[in-house]
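Single-structure report; data block below.
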Amino acid sequence: MNTVCNQDAITLALIYNYEATHSISMMLKHSQIKDFAEEINLNLQQLGKEIWPIENLDLIYFNSQDEDDNWYSILKPDLDIEDVKHNYVYRGSFELWQASTMPNALEKLNIEYVNGKMQKIEKERQKHLSLV
């Protein structure tokens, strides 16, 4: 059984996050992406599916480090999201899409897939504060 390619996990995480935040957030911490990739691999194992890396595509992100030694992946600023979704989401394997959009994987990015759209999960604390 093979596992999700690191580049594919980063790309999908950034696309899902970008879509869920309505084009506001263009970066994610590597620790979140690592957790996301681990959940994808668990889902693939449970589904008994194999995947292959998405090939021959340019990177849509770069990596950067902050002063506290946290690493981030950041979408390139000149990206065409529809073109990116076509190349990475629609051309990738169905199994990869299926495993990456399962609730346990998306939860690692604080995202949920509702009615065919990615949405940020509001944390309980935020909900509580907004009610007061």
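Scheme for the structure tokens: letters A, B, ... for chains in order shown; per-chain residue numbers from 1; ligand numbers from 1 in order shown.
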Check your understanding: Skipping near chain neighbours, those fewer than 5 positions away, what residues fall within 12 Å of Ile24 in chain A using only C-alpha atoms, listed as a PyMOL selection string?
Key -> chain A and resi 14-19+74-75+77+120
Counting only C-alpha atoms, which residues of range 67-129 of chain A fall within 9 Å of range 36-58 of chain A, and what is the closest atom pair for each with its distance in Å at one decimal, ordered by chain and rising number, as JSON lines?
```
{"residue": "A:Asn87", "atom": "CA", "partner": "A:Leu57", "partner_atom": "CA", "distance": 7.7}
{"residue": "A:Tyr88", "atom": "CA", "partner": "A:Ile54", "partner_atom": "CA", "distance": 7.1}
{"residue": "A:Arg91", "atom": "CA", "partner": "A:Ile54", "partner_atom": "CA", "distance": 7.7}
{"residue": "A:Gly92", "atom": "CA", "partner": "A:Ile54", "partner_atom": "CA", "distance": 5.8}
{"residue": "A:Ser93", "atom": "CA", "partner": "A:Ile51", "partner_atom": "CA", "distance": 6.7}
{"residue": "A:Phe94", "atom": "CA", "partner": "A:Ile51", "partner_atom": "CA", "distance": 8.8}
{"residue": "A:Glu95", "atom": "CA", "partner": "A:Lys49", "partner_atom": "CA", "distance": 6.6}
{"residue": "A:Leu96", "atom": "CA", "partner": "A:Ile51", "partner_atom": "CA", "distance": 6.4}
{"residue": "A:Gln98", "atom": "CA", "partner": "A:Asn43", "partner_atom": "CA", "distance": 8.7}
{"residue": "A:Ala99", "atom": "CA", "partner": "A:Ile40", "partner_atom": "CA", "distance": 5.3}
{"residue": "A:Ser100", "atom": "CA", "partner": "A:Ile40", "partner_atom": "CA", "distance": 5.3}
{"residue": "A:Thr101", "atom": "CA", "partner": "A:Ile40", "partner_atom": "CA", "distance": 8.5}
{"residue": "A:Met102", "atom": "CA", "partner": "A:Asn43", "partner_atom": "CA", "distance": 7.7}
{"residue": "A:Asn104", "atom": "CA", "partner": "A:Glu39", "partner_atom": "CA", "distance": 6.6}
{"residue": "A:Ala105", "atom": "CA", "partner": "A:Glu39", "partner_atom": "CA", "distance": 4.9}
{"residue": "A:Leu106", "atom": "CA", "partner": "A:Phe36", "partner_atom": "CA", "distance": 6.9}
{"residue": "A:Glu107", "atom": "CA", "partner": "A:Phe36", "partner_atom": "CA", "distance": 8.1}
{"residue": "A:Lys108", "atom": "CA", "partner": "A:Phe36", "partner_atom": "CA", "distance": 5.4}
{"residue": "A:Leu109", "atom": "CA", "partner": "A:Phe36", "partner_atom": "CA", "distance": 6.8}
```
Point to revise | Which of range 8-93 of chain A DSSP labels helix (DSSP H, G or I), written as number ranges by chain | key: A: 8-20, 30-47, 81-90
Check your understanding: Between A:Asn110, A:Asn6, A:Thr11, A:Asn115, which has the minimum distance to Gln32 in chain A (counting only C-alpha atoms)?
Key -> A:Asn110
Practice item. Enumerate as an NGL selection string all residues of chain A assigned to strand (DSSP E or B) by DSSP on the backbone, naming them with the chain letters and numbers the document uses. Key: :A and (27-29 or 61-65 or 71-75 or 111-114 or 117-120)
Point to revise | Contact residues around Asp78 in chain A with only C-alpha atoms at 12 Å, ignoring same-chain residues under 4 positions, as an NGL selection string | key: :A and (26 or 60-61 or 74 or 83-84)
Output N, CA, C and O atoms for every residue in the selection just made, as an mmCIF file, in the first residue's frame.
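Dumped everything to again-v8.cif:
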```cif
data_model
loop_
_atom_site.group_PDB
_atom_site.id
_atom_site.type_symbol
_atom_site.label_atom_id
_atom_site.label_comp_id
_atom_site.auth_asym_id
_atom_site.auth_seq_id
_atom_site.Cartn_x
_atom_site.Cartn_y
_atom_site.Cartn_z
ATOM 1 N N MET A 26 -3.901 31.956 2.694
ATOM 2 C CA MET A 26 -3.080 31.315 1.671
ATOM 3 C C MET A 26 -1.944 30.497 2.268
ATOM 4 O O MET A 26 -1.046 30.090 1.552
ATOM 5 N N ILE A 60 2.589 24.988 -6.610
ATOM 6 C CA ILE A 60 1.754 26.183 -6.479
ATOM 7 C C ILE A 60 2.019 26.887 -5.150
ATOM 8 O O ILE A 60 1.301 27.785 -4.770
ATOM 9 N N TYR A 61 3.057 26.463 -4.453
ATOM 10 C CA TYR A 61 3.358 27.008 -3.128
ATOM 11 C C TYR A 61 4.860 27.122 -2.935
ATOM 12 O O TYR A 61 5.654 26.592 -3.701
ATOM 13 N N ILE A 74 2.961 28.246 1.704
ATOM 14 C CA ILE A 74 2.206 29.425 1.302
ATOM 15 C C ILE A 74 1.918 29.349 -0.192
ATOM 16 O O ILE A 74 2.830 29.105 -0.993
ATOM 17 N N ASP A 83 -7.852 26.978 -12.263
ATOM 18 C CA ASP A 83 -6.873 26.177 -12.989
ATOM 19 C C ASP A 83 -6.196 25.186 -12.041
ATOM 20 O O ASP A 83 -6.014 24.014 -12.364
ATOM 21 N N VAL A 84 -5.872 25.652 -10.859
ATOM 22 C CA VAL A 84 -5.232 24.793 -9.860
ATOM 23 C C VAL A 84 -6.165 23.659 -9.454
ATOM 24 O O VAL A 84 -5.753 22.498 -9.376
#
```
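Considering the residues A:Val89, A:Ile111, A:Gly116, A:Asp8 and counting only C-alpha atoms, Ala20 in chain A has its shortest atom-to-atom contact with A:Ile111.
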